[in-house]
$ cat entry-v8.txt   # compact mmCIF, C-alpha atoms
# COMPACT_ATOMS: atom_id res chain seq x y z
CA MET S 463 66.66 18.82 200.67
CA LYS S 464 69.76 18.93 198.55
CA LEU S 465 70.09 17.65 194.97
CA TYR S 466 73.54 16.54 193.88
CA SER S 467 73.41 17.05 190.14
CA PHE S 468 74.99 18.43 187.01
CA PRO S 469 73.23 20.77 184.54
CA THR S 470 73.45 18.59 181.40
CA SER S 471 72.96 15.22 183.15
CA SER S 472 69.60 14.09 181.75
CA ALA S 473 68.79 12.05 184.87
CA SER S 474 69.45 15.15 187.04
CA TYR S 475 67.30 17.24 184.69
CA ARG S 476 64.36 14.82 185.18
CA VAL S 477 64.48 15.25 188.96
CA ARG S 478 64.81 19.05 188.72
CA ILE S 479 61.66 19.16 186.58
CA VAL S 480 59.66 17.20 189.17
CA LEU S 481 60.97 19.29 192.10
CA HIS S 482 59.88 22.47 190.28
CA LEU S 483 56.53 20.96 189.16
CA LYS S 484 55.72 20.06 192.77
CA ARG S 485 57.21 23.33 194.10
CA VAL S 486 59.46 21.46 196.53
CA PRO S 487 62.22 23.80 197.78
CA PHE S 488 65.72 22.38 197.30
CA GLU S 489 69.32 23.45 197.08
CA THR S 490 71.71 22.30 194.39
CA ALA S 491 75.16 20.79 194.95
CA THR S 492 76.88 20.70 191.57
CA VAL S 493 78.98 17.61 190.88
CA SER S 494 81.17 18.46 187.90
CA LEU S 495 81.12 15.57 185.43
CA PRO S 496 83.79 17.17 183.17
CA ASP S 497 86.09 17.35 186.22
CA LYS S 498 85.15 13.72 187.15
CA GLU S 499 84.02 14.91 190.59
CA GLN S 500 81.51 12.04 190.60
CA ARG S 501 84.45 9.64 190.96
CA GLN S 502 86.18 11.52 193.79
CA ALA S 503 86.14 10.31 197.41
CA ALA S 504 83.91 13.12 198.69
CA TYR S 505 81.11 12.15 196.31
CA LEU S 506 81.58 8.39 196.62
CA LYS S 507 80.47 8.78 200.25
CA ILE S 508 77.19 10.19 198.91
CA ASN S 509 76.77 7.79 196.00
CA PRO S 510 79.14 4.80 195.73
CA GLN S 511 77.87 4.26 192.18
CA HIS S 512 79.51 7.58 191.20
CA ARG S 513 76.42 8.77 189.35
CA VAL S 514 74.24 11.85 189.54
CA PRO S 515 71.65 12.67 190.71
CA SER S 516 71.47 11.89 194.43
CA LEU S 517 68.86 13.48 196.69
CA GLU S 518 69.85 14.19 200.29
CA LEU S 519 66.84 14.48 202.60
CA ASP S 520 66.83 16.85 205.57
CA ASP S 521 67.72 13.98 207.95
CA GLY S 522 70.76 13.06 205.85
CA THR S 523 69.17 10.07 204.08
CA ILE S 524 70.49 9.71 200.53
CA LEU S 525 68.26 8.51 197.69
CA THR S 526 69.63 7.50 194.28
CA GLN S 527 68.30 6.55 190.82
CA SER S 528 66.26 9.34 189.21
CA LEU S 529 63.03 7.37 188.75
CA ALA S 530 63.15 6.10 192.34
CA ILE S 531 63.70 9.69 193.55
CA ILE S 532 60.76 10.87 191.43
CA ASP S 533 58.57 8.07 192.82
CA TYR S 534 59.55 9.17 196.36
CA LEU S 535 58.62 12.78 195.55
CA GLU S 536 55.28 11.54 194.14
CA GLN S 537 54.56 9.72 197.44
CA MET S 538 55.56 12.63 199.68
CA HIS S 539 54.32 15.53 197.53
CA PRO S 540 51.42 14.10 195.53
CA GLU S 541 50.28 17.38 193.93
CA PRO S 542 50.45 17.88 191.05
CA PRO S 543 50.83 14.18 190.21
CA VAL S 544 53.33 13.02 187.60
CA TYR S 545 51.65 9.60 187.38
CA PRO S 546 48.39 9.81 185.36
CA SER S 547 45.28 8.75 187.32
CA ASP S 548 43.96 6.34 184.66
CA PRO S 549 45.80 3.00 185.21
CA VAL S 550 46.41 2.23 181.52
CA THR S 551 47.59 5.78 180.78
CA ARG S 552 49.83 5.58 183.85
CA ALA S 553 51.33 2.33 182.53
CA ARG S 554 51.91 3.88 179.09
CA SER S 555 53.47 7.04 180.50
CA LEU S 556 55.76 4.91 182.67
CA ALA S 557 56.63 2.73 179.66
CA VAL S 558 57.84 5.83 177.79
CA ALA S 559 59.87 6.88 180.84
CA LEU S 560 61.40 3.40 181.03
CA ILE S 561 62.27 3.24 177.33
CA ILE S 562 64.29 6.40 177.95
CA ALA S 563 65.71 5.42 181.34
CA SER S 564 66.45 1.78 180.58
CA GLU S 565 67.04 1.61 176.82
CA ILE S 566 68.25 4.95 175.48
CA GLN S 567 70.08 6.70 178.30
CA PRO S 568 72.16 3.72 179.58
CA LEU S 569 73.70 3.32 176.14
CA ASN S 570 74.47 7.04 175.89
CA ASN S 571 76.02 7.23 179.34
CA SER S 572 79.62 8.37 179.25
CA SER S 573 80.83 5.29 181.17
CA VAL S 574 79.45 3.16 178.32
CA THR S 575 80.50 5.34 175.38
CA GLU S 576 84.01 5.55 176.87
CA TYR S 577 84.08 1.72 177.04
CA VAL S 578 82.93 1.53 173.40
CA ARG S 579 85.70 3.92 172.43
CA ASP S 580 88.55 2.84 174.70
CA THR S 581 87.99 -0.90 175.22
CA CYS S 582 86.10 -1.83 172.04
CA GLY S 583 88.39 0.49 170.07
CA MET S 584 85.71 2.30 168.09
CA ASP S 585 86.73 5.62 166.51
CA GLN S 586 84.75 8.83 167.08
CA ALA S 587 82.49 8.22 164.06
CA GLY S 588 81.70 4.72 165.29
CA THR S 589 81.02 5.94 168.82
CA ASP S 590 78.74 8.70 167.48
CA ARG S 591 76.88 6.10 165.38
CA TRP S 592 76.49 3.87 168.46
CA MET S 593 74.85 6.75 170.29
CA ALA S 594 72.63 7.75 167.37
CA ASP S 595 71.52 4.17 166.59
CA PHE S 596 70.31 3.39 170.11
CA MET S 597 68.83 6.84 170.64
CA ARG S 598 66.82 6.71 167.40
CA ALA S 599 65.59 3.14 168.06
CA GLY S 600 64.16 4.26 171.40
CA PHE S 601 62.62 7.45 169.96
CA ALA S 602 60.97 5.41 167.16
CA ALA S 603 59.21 3.27 169.79
CA ILE S 604 58.16 6.36 171.77
CA GLU S 605 56.78 8.09 168.66
CA GLN S 606 54.32 5.19 168.34
CA LEU S 607 53.37 5.11 172.03
CA ILE S 608 52.54 8.75 172.79
CA ASP S 609 49.29 10.35 171.74
CA GLY S 610 51.03 13.69 171.29
CA SER S 611 47.87 15.78 171.27
CA HIS S 612 49.45 18.26 173.70
CA TYR S 613 51.69 16.69 176.34
CA ALA S 614 52.76 13.08 175.74
CA PHE S 615 49.49 11.88 177.27
CA GLY S 616 46.74 14.50 177.45
CA LEU S 617 46.56 17.98 178.87
CA GLU S 618 48.90 17.69 181.85
CA PRO S 619 52.60 16.82 181.94
CA SER S 620 53.44 13.35 183.26
CA ILE S 621 56.46 11.15 183.88
CA ALA S 622 56.75 10.60 180.10
CA ASP S 623 57.33 14.32 179.46
CA VAL S 624 59.65 14.53 182.49
CA CYS S 625 61.94 11.97 180.83
CA LEU S 626 61.37 12.95 177.20
CA VAL S 627 62.41 16.62 177.40
CA PRO S 628 65.90 15.89 178.83
CA GLN S 629 66.47 13.07 176.34
CA VAL S 630 65.54 15.35 173.40
CA PHE S 631 67.91 17.98 174.84
CA ASN S 632 70.58 15.28 174.89
CA ALA S 633 69.87 14.31 171.27
CA HIS S 634 70.32 17.92 170.13
CA ARG S 635 73.47 18.26 172.21
CA HIS S 636 74.97 15.23 170.50
CA LYS S 637 73.69 16.33 167.07
CA VAL S 638 71.47 13.26 166.59
CA ASP S 639 68.84 14.08 163.94
CA ILE S 640 65.34 13.43 165.30
CA SER S 641 63.45 15.76 162.95
CA ASP S 642 61.46 12.79 161.58
CA PHE S 643 59.58 12.24 164.87
CA PRO S 644 56.80 14.86 164.66
CA LYS S 645 54.86 13.86 167.78
CA ILE S 646 57.99 13.85 169.94
CA ASN S 647 59.01 17.28 168.67
CA ALA S 648 55.52 18.77 169.17
CA VAL S 649 55.26 17.38 172.73
CA THR S 650 58.74 18.63 173.56
CA ASP S 651 57.88 22.14 172.38
CA VAL S 652 54.80 22.20 174.62
CA ALA S 653 56.56 20.79 177.67
CA THR S 654 59.70 22.91 177.33
CA ALA S 655 57.53 26.04 177.57
CA HIS S 656 56.05 24.96 180.93
CA PRO S 657 57.54 27.14 183.73
CA ALA S 658 58.71 24.14 185.81
CA PHE S 659 60.47 22.61 182.82
CA ALA S 660 62.01 25.99 181.98
CA LYS S 661 63.42 26.38 185.51
CA ALA S 662 64.99 22.93 185.25
CA HIS S 663 66.74 23.61 181.91
CA PRO S 664 70.53 23.03 181.94
CA SER S 665 71.20 26.59 180.72
CA VAL S 666 69.80 28.21 183.88
CA GLN S 667 71.42 26.03 186.56
CA PRO S 668 73.71 27.56 189.21
CA SER S 669 77.02 26.29 187.92
CA THR S 670 76.47 27.72 184.47
CA ALA S 671 75.14 31.09 185.71
CA MET O 972 45.26 -11.69 180.64
CA LYS O 973 47.98 -13.05 178.41
CA LEU O 974 51.73 -12.63 178.94
CA TYR O 975 53.90 -12.69 175.82
CA SER O 976 57.21 -13.88 177.18
CA PHE O 977 60.17 -16.20 176.92
CA PRO O 978 61.41 -18.43 179.76
CA THR O 979 64.96 -17.05 180.08
CA SER O 980 64.10 -13.39 179.37
CA SER O 981 64.88 -11.72 182.69
CA ALA O 982 62.30 -8.96 182.12
CA SER O 983 59.64 -11.64 181.44
CA TYR O 984 60.74 -13.52 184.57
CA ARG O 985 60.20 -10.35 186.69
CA VAL O 986 56.59 -10.05 185.52
CA ARG O 987 55.90 -13.77 186.03
CA ILE O 988 57.08 -13.48 189.65
CA VAL O 989 54.69 -10.59 190.34
CA LEU O 990 51.74 -12.33 188.64
CA HIS O 991 52.32 -15.40 190.82
CA LEU O 992 52.93 -13.33 193.98
CA LYS O 993 49.60 -11.56 193.48
CA ARG O 994 47.87 -14.78 192.33
CA VAL O 995 46.65 -13.12 189.13
CA PRO O 996 45.55 -15.82 186.64
CA PHE O 997 47.25 -15.49 183.24
CA GLU O 998 48.06 -17.50 180.16
CA THR O 999 51.46 -17.55 178.51
CA ALA O 1000 52.19 -16.94 174.84
CA THR O 1001 55.79 -17.96 174.25
CA VAL O 1002 57.76 -15.73 171.89
CA SER O 1003 60.87 -17.70 170.92
CA LEU O 1004 63.90 -15.43 171.13
CA PRO O 1005 66.27 -18.09 169.65
CA ASP O 1006 63.93 -18.26 166.62
CA LYS O 1007 63.79 -14.41 166.50
CA GLU O 1008 59.99 -14.56 166.73
CA GLN O 1009 60.09 -11.19 168.50
CA ARG O 1010 61.11 -9.62 165.16
CA GLN O 1011 58.40 -11.31 163.07
CA ALA O 1012 55.34 -9.45 161.76
CA ALA O 1013 52.86 -11.27 164.01
CA TYR O 1014 54.64 -10.07 167.16
CA LEU O 1015 55.46 -6.58 165.90
CA LYS O 1016 51.70 -5.94 165.90
CA ILE O 1017 51.77 -6.65 169.65
CA ASN O 1018 55.01 -4.85 170.45
CA PRO O 1019 56.63 -2.72 167.74
CA GLN O 1020 59.78 -2.57 169.89
CA HIS O 1021 60.21 -6.32 169.31
CA ARG O 1022 60.87 -7.00 172.97
CA VAL O 1023 59.34 -9.29 175.57
CA PRO O 1024 57.39 -9.16 177.79
CA SER O 1025 54.09 -7.64 176.68
CA LEU O 1026 50.92 -8.03 178.74
CA GLU O 1027 47.61 -8.25 176.87
CA LEU O 1028 44.64 -7.28 179.05
CA ASP O 1029 41.24 -8.93 178.60
CA ASP O 1030 39.99 -5.98 176.51
CA GLY O 1031 42.95 -6.32 174.12
CA THR O 1032 44.99 -3.42 175.56
CA ILE O 1033 48.73 -4.14 175.32
CA LEU O 1034 51.14 -2.97 178.03
CA THR O 1035 54.93 -3.03 177.58
CA GLN O 1036 58.07 -2.47 179.69
CA SER O 1037 58.33 -4.88 182.62
CA LEU O 1038 58.49 -2.27 185.40
CA ALA O 1039 55.50 -0.39 183.94
CA ILE O 1040 53.57 -3.69 183.77
CA ILE O 1041 54.52 -4.46 187.38
CA ASP O 1042 53.42 -0.95 188.46
CA TYR O 1043 50.07 -1.56 186.68
CA LEU O 1044 49.64 -4.88 188.51
CA GLU O 1045 50.46 -3.11 191.81
CA GLN O 1046 47.68 -0.56 191.13
CA MET O 1047 45.07 -3.14 190.08
CA HIS O 1048 46.01 -5.98 192.45
CA PRO O 1049 47.54 -4.26 195.48
CA GLU O 1050 47.88 -7.38 197.68
CA PRO O 1051 50.48 -8.45 198.49
CA PRO O 1052 52.33 -5.22 197.67
CA VAL O 1053 55.70 -5.29 195.89
CA TYR O 1054 56.38 -1.66 196.85
CA PRO O 1055 57.39 -1.41 200.55
CA SER O 1056 55.07 0.79 202.65
CA ASP O 1057 57.85 2.89 204.21
CA PRO O 1058 58.68 5.68 201.70
CA VAL O 1059 62.47 5.52 202.08
CA THR O 1060 62.53 1.71 201.90
CA ARG O 1061 60.27 1.92 198.85
CA ALA O 1062 62.72 4.34 197.20
CA ARG O 1063 65.66 2.05 198.00
CA SER O 1064 63.90 -1.07 196.74
CA LEU O 1065 63.00 0.77 193.53
CA ALA O 1066 66.59 2.01 193.21
CA VAL O 1067 67.83 -1.61 193.25
CA ALA O 1068 65.21 -2.54 190.63
CA LEU O 1069 66.33 0.39 188.48
CA ILE O 1070 70.04 -0.41 188.75
CA ILE O 1071 69.13 -3.80 187.29
CA ALA O 1072 66.58 -2.58 184.74
CA SER O 1073 68.42 0.52 183.58
CA GLU O 1074 72.11 -0.21 184.14
CA ILE O 1075 72.78 -3.96 184.06
CA GLN O 1076 70.14 -5.54 181.84
CA PRO O 1077 70.25 -3.03 178.93
CA LEU O 1078 73.95 -3.72 178.46
CA ASN O 1079 73.39 -7.50 178.55
CA ASN O 1080 70.49 -7.41 176.10
CA SER O 1081 71.19 -9.46 172.98
CA SER O 1082 70.48 -6.47 170.68
CA VAL O 1083 73.37 -4.66 172.41
CA THR O 1084 75.81 -7.57 172.73
CA GLU O 1085 75.21 -8.40 169.04
CA TYR O 1086 76.08 -4.77 168.18
CA VAL O 1087 79.23 -5.01 170.31
CA ARG O 1088 80.21 -8.20 168.48
CA ASP O 1089 79.07 -7.47 164.91
CA THR O 1090 79.44 -3.68 164.57
CA CYS O 1091 82.18 -2.93 167.11
CA GLY O 1092 83.96 -6.12 166.04
CA MET O 1093 84.67 -7.52 169.50
CA ASP O 1094 85.52 -11.23 169.66
CA GLN O 1095 83.67 -13.64 171.96
CA ALA O 1096 86.10 -13.06 174.86
CA GLY O 1097 85.67 -9.29 174.54
CA THR O 1098 81.89 -9.58 174.34
CA ASP O 1099 81.86 -11.84 177.42
CA ARG O 1100 84.04 -9.31 179.27
CA TRP O 1101 81.66 -6.50 178.26
CA MET O 1102 78.79 -8.43 179.81
CA ALA O 1103 80.70 -9.36 182.97
CA ASP O 1104 82.10 -5.84 183.53
CA PHE O 1105 78.73 -4.08 183.44
CA MET O 1106 76.95 -6.85 185.33
CA ARG O 1107 79.50 -6.84 188.16
CA ALA O 1108 79.53 -3.01 188.42
CA GLY O 1109 75.77 -3.04 188.98
CA PHE O 1110 75.89 -5.93 191.45
CA ALA O 1111 78.62 -4.12 193.45
CA ALA O 1112 76.29 -1.13 193.88
CA ILE O 1113 73.38 -3.38 194.87
CA GLU O 1114 75.49 -5.26 197.43
CA GLN O 1115 75.94 -1.94 199.26
CA LEU O 1116 72.28 -0.88 199.02
CA ILE O 1117 70.41 -3.95 200.26
CA ASP O 1118 70.18 -4.82 203.92
CA GLY O 1119 70.14 -8.52 203.09
CA SER O 1120 68.86 -9.67 206.47
CA HIS O 1121 66.32 -11.95 204.74
CA TYR O 1122 64.81 -10.53 201.54
CA ALA O 1123 66.59 -7.52 200.02
CA PHE O 1124 64.67 -5.22 202.37
CA GLY O 1125 63.14 -6.96 205.39
CA LEU O 1126 60.86 -9.93 205.82
CA GLU O 1127 58.73 -9.67 202.68
CA PRO O 1128 59.78 -9.80 199.03
CA SER O 1129 59.66 -6.48 197.17
CA ILE O 1130 60.41 -5.07 193.73
CA ALA O 1131 64.16 -5.37 194.50
CA ASP O 1132 63.92 -9.16 194.89
CA VAL O 1133 61.62 -9.38 191.85
CA CYS O 1134 64.40 -7.89 189.71
CA LEU O 1135 67.38 -9.38 191.53
CA VAL O 1136 66.50 -13.09 191.22
CA PRO O 1137 66.20 -13.03 187.38
CA GLN O 1138 69.42 -11.01 187.05
CA VAL O 1139 71.32 -13.48 189.25
CA PHE O 1140 69.89 -16.32 187.12
CA ASN O 1141 71.21 -14.44 184.09
CA ALA O 1142 74.67 -14.06 185.66
CA HIS O 1143 74.88 -17.82 186.30
CA ARG O 1144 73.63 -18.57 182.78
CA HIS O 1145 76.40 -16.41 181.30
CA LYS O 1146 78.99 -17.80 183.76
CA VAL O 1147 79.69 -14.42 185.37
CA ASP O 1148 81.28 -15.02 188.78
CA ILE O 1149 79.33 -13.21 191.51
CA SER O 1150 80.45 -15.37 194.44
CA ASP O 1151 82.02 -12.31 196.12
CA PHE O 1152 78.62 -10.65 196.78
CA PRO O 1153 77.45 -12.44 199.95
CA LYS O 1154 74.32 -10.38 200.62
CA ILE O 1155 73.09 -10.77 197.04
CA ASN O 1156 73.62 -14.52 197.15
CA ALA O 1157 71.91 -14.90 200.55
CA VAL O 1158 68.89 -12.84 199.45
CA THR O 1159 68.64 -14.76 196.19
CA ASP O 1160 68.60 -18.09 198.05
CA VAL O 1161 65.75 -16.89 200.26
CA ALA O 1162 63.71 -15.42 197.41
CA THR O 1163 64.22 -18.32 195.02
CA ALA O 1164 62.66 -20.65 197.59
CA HIS O 1165 59.43 -18.59 197.73
CA PRO O 1166 56.62 -20.49 195.91
CA ALA O 1167 55.76 -17.56 193.61
CA PHE O 1168 59.39 -17.16 192.57
CA ALA O 1169 59.66 -20.93 192.05
CA LYS O 1170 56.62 -20.98 189.73
CA ALA O 1171 58.16 -18.17 187.67
CA HIS O 1172 61.51 -19.93 187.18
CA PRO O 1173 62.57 -20.38 183.54
CA SER O 1174 62.95 -24.16 183.98
CA VAL O 1175 59.23 -24.69 184.65
CA GLN O 1176 57.69 -22.55 181.89
CA PRO O 1177 55.39 -24.08 179.24
CA SER O 1178 57.78 -23.99 176.30
CA THR O 1179 60.47 -25.88 178.17
CA ALA O 1180 58.10 -28.48 179.63

$ encode --input "entry-v8.txt" --output "structure tokens"
Amino acid sequence: MKLYSFPTSSASYRVRIVLHLKRVPFETATVSLPDKEQRQAAYLKINPQHRVPSLELDDGTILTQSLAIIDYLEQMHPEPPVYPSDPVTRARSLAVALIIASEIQPLNNSSVTEYVRDTCGMDQAGTDRWMADFMRAGFAAIEQLIDGSHYAFGLEPSIADVCLVPQVFNAHRHKVDISDFPKINAVTDVATAHPAFAKAHPSVQPSTA
Amino acid sequence: MKLYSFPTSSASYRVRIVLHLKRVPFETATVSLPDKEQRQAAYLKINPQHRVPSLELDDGTILTQSLAIIDYLEQMHPEPPVYPSDPVTRARSLAVALIIASEIQPLNNSSVTEYVRDTCGMDQAGTDRWMADFMRAGFAAIEQLIDGSHYAFGLEPSIADVCLVPQVFNAHRHKVDISDFPKINAVTDVATAHPAFAKAHPSVQPSTA
């Protein structure tokens, strides 16, 4: 299969982590976000929403939306699972993933921050504050939800860690201070050291080699 | 179990549909969003993120995030399923749900539109345009993804319909014109007529009785 992605895209990073965790072989097609390749005709045929990632299966089927792609990989390659086996822990791990995917990341997405800047007329400081305010509100909720004893929930990585590590990377990249969330920082340190998470890191992707 | 919700909250509406589809008995605790009850101390003990819905299980466990709650209900009450059995169709139905939950709804949420108005200083026309622009971009992507022959994907309702019907209700409520999306409108007509969807409609919830 082929993953259309970009190194620093946090949604792409989530899918890379799961592909490496499950040891699913894949090739990478880099879609340059700085060059706006996601809005060019060649990519719009793959994903009319002009977003990364997209996963192309061997029969040419295209799947979109990172959490839907991860759910597909969980169905087709169940081991190791990224959904915890205990139903309540599974619901909590998914809730953390969804706080990131549906409350933090959408408001940090460049299509939204560009609208805040260009259409709402906010200056750079205001746009930075927009990003920091929504990011920190989501992290504050997550800090209360995770148990943080090792991974976000227990001794194995789960969908919560898969989403948390790229969002923390994004916070550092945008210089948002999250030093006051000790559980999030401890969990991120543990997960970042896992070999599958390390292979998925933006700094070691093909286009930045 | 008890569902903390509000009639017109689209995330609450999603969970109500699934509870009725699966015939899971539940009571409703209405959290008045117009009265800002979601920000009051009594509710913050239930959900520190001051959002609805929250699902309280019979042992007092609280689950949050509508799609995580729906996934929990799917695990515990598998019939009828809201995840399609075919893996690719399941991924596509989830992708539609995620476009709504992580691209449209977050940008329509009152905490965000109030920020756009009060902090970014947009007037009412600008705030309305913000809502319409992001809602229509998401609907345009969904119009291309669904097959729309009956329900969004085939002859049974799935997670795509569960998220689509409340978002279409929300579009009408905010007077966003979506008449140019024929598949979405046809699917919504079919799904809205289903008895479980009808019982979950905002107009027939306890607090508006």

$ interface_residues --input "entry-v8.txt" --of "chain O" --to "chain S" --cutoff "6 Å" --atoms "all atoms listed in the file" --output "PyMOL selection string"
chain O and resi 1020+1036+1039+1043+1062+1065-1066+1073+1112

$ residues_around --input "entry-v8.txt" --residues "segment 466-475 of chain S" --least-positions-apart "2" --cutoff "6 Å" --atoms "only C-alpha atoms" --output "list of chain:residue names"
S:Val477, S:Arg478, S:Ala491, S:Thr492, S:Val493, S:Val514, S:Pro515, S:Ser516, S:Ser528, S:Pro628, S:Pro664, S:Gln667

$ residues_around --input "entry-v8.txt" --residues "Lys484 of chain S" --least-positions-apart "2" --cutoff "12 Å" --atoms "all atoms listed in the file" --output "list in words"
Val477, Arg478, Ile479, Val480, Leu481, His482, Val486, Pro487, Phe488, Ile532, Leu535, Glu536, Gln537, Met538, His539, Pro540, Glu541, Pro542, Pro543, Val544, Pro619, Ser620, Pro657, Ala658 and Phe659 of chain S

$ atom_distance --input "entry-v8.txt" --atom1 "atom CA of Asp590 of chain S" --atom2 "atom CA of Glu499 of chain S"
24.5 Å

$ atom_distance --input "entry-v8.txt" --atom1 "atom CA of Asn1079 of chain O" --atom2 "atom CA of Met1102 of chain O"
5.6 Å

$ residues_around --input "entry-v8.txt" --residues "Asp623 of chain S" --least-positions-apart "6" --cutoff "7 Å" --atoms "all atoms listed in the file" --output "PyMOL selection string"
chain S and resi 613-614+653

$ atom_distance --input "entry-v8.txt" --atom1 "atom CA of Glu605 of chain S" --atom2 "atom CA of Pro644 of chain S"
7.9 Å

$ axis_aligned_box --input "entry-v8.txt" --around "segment 573-583 of chain S" --padding-each-side "6 Å" --output "JSON"
{"center_x": 84.0, "center_y": 1.9, "center_z": 175.6, "size_x": 21.1, "size_y": 19.4, "size_z": 23.1}

$ residues_around --input "entry-v8.txt" --residues "segment 1147-1150 of chain O" --least-positions-apart "2" --cutoff "10 Å" --atoms "only C-alpha atoms" --output "PyMOL selection string"
chain O and resi 1099-1100+1102-1104+1106-1107+1110-1111+1139+1141-1145+1152-1153+1155-1156

$ residues_around --input "entry-v8.txt" --residues "Gly616 of chain S" --least-positions-apart "5" --cutoff "10 Å" --atoms "all atoms listed in the file" --output "list in words"
Pro546, Thr551, Ile608, Asp609, Gly610 and Ser611 of chain S

$ write_last_selection --input "entry-v8.txt" --atoms "C-alpha atoms" --output "JSON list (two decimals), in the frame of the given file"
[["chain", "number", "residue", "atom", "x", "y", "z"],
["S", 546, "PRO", "CA", 48.39, 9.81, 185.36],
["S", 551, "THR", "CA", 47.59, 5.78, 180.78],
["S", 608, "ILE", "CA", 52.54, 8.75, 172.79],
["S", 609, "ASP", "CA", 49.29, 10.35, 171.74],
["S", 610, "GLY", "CA", 51.03, 13.69, 171.29],
["S", 611, "SER", "CA", 47.87, 15.78, 171.27]]

$ build_atoms --input "entry-v8.txt" --residues "segment 1070-1075 of chain O" --atoms "all heavy atoms" --output "PDB file, in the coordinates of the input"
ATOM      1  N   ILE O1070      68.641  -0.100 189.100  1.00  0.00           N
ATOM      2  CA  ILE O1070      70.040  -0.410 188.750  1.00  0.00           C
ATOM      3  C   ILE O1070      70.045  -1.632 187.826  1.00  0.00           C
ATOM      4  O   ILE O1070      70.762  -1.678 186.827  1.00  0.00           O
ATOM      5  CB  ILE O1070      70.880  -0.669 190.017  1.00  0.00           C
ATOM      6  CG1 ILE O1070      71.090   0.646 190.781  1.00  0.00           C
ATOM      7  CG2 ILE O1070      72.240  -1.275 189.648  1.00  0.00           C
ATOM      8  CD1 ILE O1070      71.747   0.464 192.148  1.00  0.00           C
ATOM      9  N   ILE O1071      69.199  -2.614 188.143  1.00  0.00           N
ATOM     10  CA  ILE O1071      69.130  -3.800 187.290  1.00  0.00           C
ATOM     11  C   ILE O1071      68.494  -3.468 185.945  1.00  0.00           C
ATOM     12  O   ILE O1071      69.041  -3.781 184.880  1.00  0.00           O
ATOM     13  CB  ILE O1071      68.348  -4.929 188.007  1.00  0.00           C
ATOM     14  CG1 ILE O1071      69.153  -5.388 189.233  1.00  0.00           C
ATOM     15  CG2 ILE O1071      68.051  -6.091 187.050  1.00  0.00           C
ATOM     16  CD1 ILE O1071      68.391  -6.262 190.194  1.00  0.00           C
ATOM     17  N   ALA O1072      67.338  -2.794 185.980  1.00  0.00           N
ATOM     18  CA  ALA O1072      66.580  -2.580 184.740  1.00  0.00           C
ATOM     19  C   ALA O1072      67.191  -1.523 183.847  1.00  0.00           C
ATOM     20  O   ALA O1072      66.998  -1.557 182.630  1.00  0.00           O
ATOM     21  CB  ALA O1072      65.137  -2.185 185.081  1.00  0.00           C
ATOM     22  N   SER O1073      67.947  -0.565 184.437  1.00  0.00           N
ATOM     23  CA  SER O1073      68.420   0.520 183.580  1.00  0.00           C
ATOM     24  C   SER O1073      69.949   0.629 183.549  1.00  0.00           C
ATOM     25  O   SER O1073      70.476   1.504 182.880  1.00  0.00           O
ATOM     26  CB  SER O1073      67.782   1.854 183.979  1.00  0.00           C
ATOM     27  OG  SER O1073      68.253   2.300 185.206  1.00  0.00           O
ATOM     28  N   GLU O1074      70.652  -0.270 184.241  1.00  0.00           N
ATOM     29  CA  GLU O1074      72.110  -0.210 184.140  1.00  0.00           C
ATOM     30  C   GLU O1074      72.724  -1.563 183.788  1.00  0.00           C
ATOM     31  O   GLU O1074      73.669  -1.627 183.024  1.00  0.00           O
ATOM     32  CB  GLU O1074      72.716   0.348 185.427  1.00  0.00           C
ATOM     33  CG  GLU O1074      72.253   1.791 185.635  1.00  0.00           C
ATOM     34  CD  GLU O1074      72.926   2.495 186.790  1.00  0.00           C
ATOM     35  OE1 GLU O1074      73.915   2.003 187.323  1.00  0.00           O
ATOM     36  OE2 GLU O1074      72.423   3.583 187.161  1.00  0.00           O
ATOM     37  N   ILE O1075      72.198  -2.643 184.369  1.00  0.00           N
ATOM     38  CA  ILE O1075      72.780  -3.960 184.060  1.00  0.00           C
ATOM     39  C   ILE O1075      72.122  -4.544 182.802  1.00  0.00           C
ATOM     40  O   ILE O1075      72.782  -4.792 181.796  1.00  0.00           O
ATOM     41  CB  ILE O1075      72.605  -4.951 185.227  1.00  0.00           C
ATOM     42  CG1 ILE O1075      73.275  -4.419 186.506  1.00  0.00           C
ATOM     43  CG2 ILE O1075      73.193  -6.305 184.843  1.00  0.00           C
ATOM     44  CD1 ILE O1075      73.102  -5.349 187.705  1.00  0.00           C
TER      45      ILE O1075
END
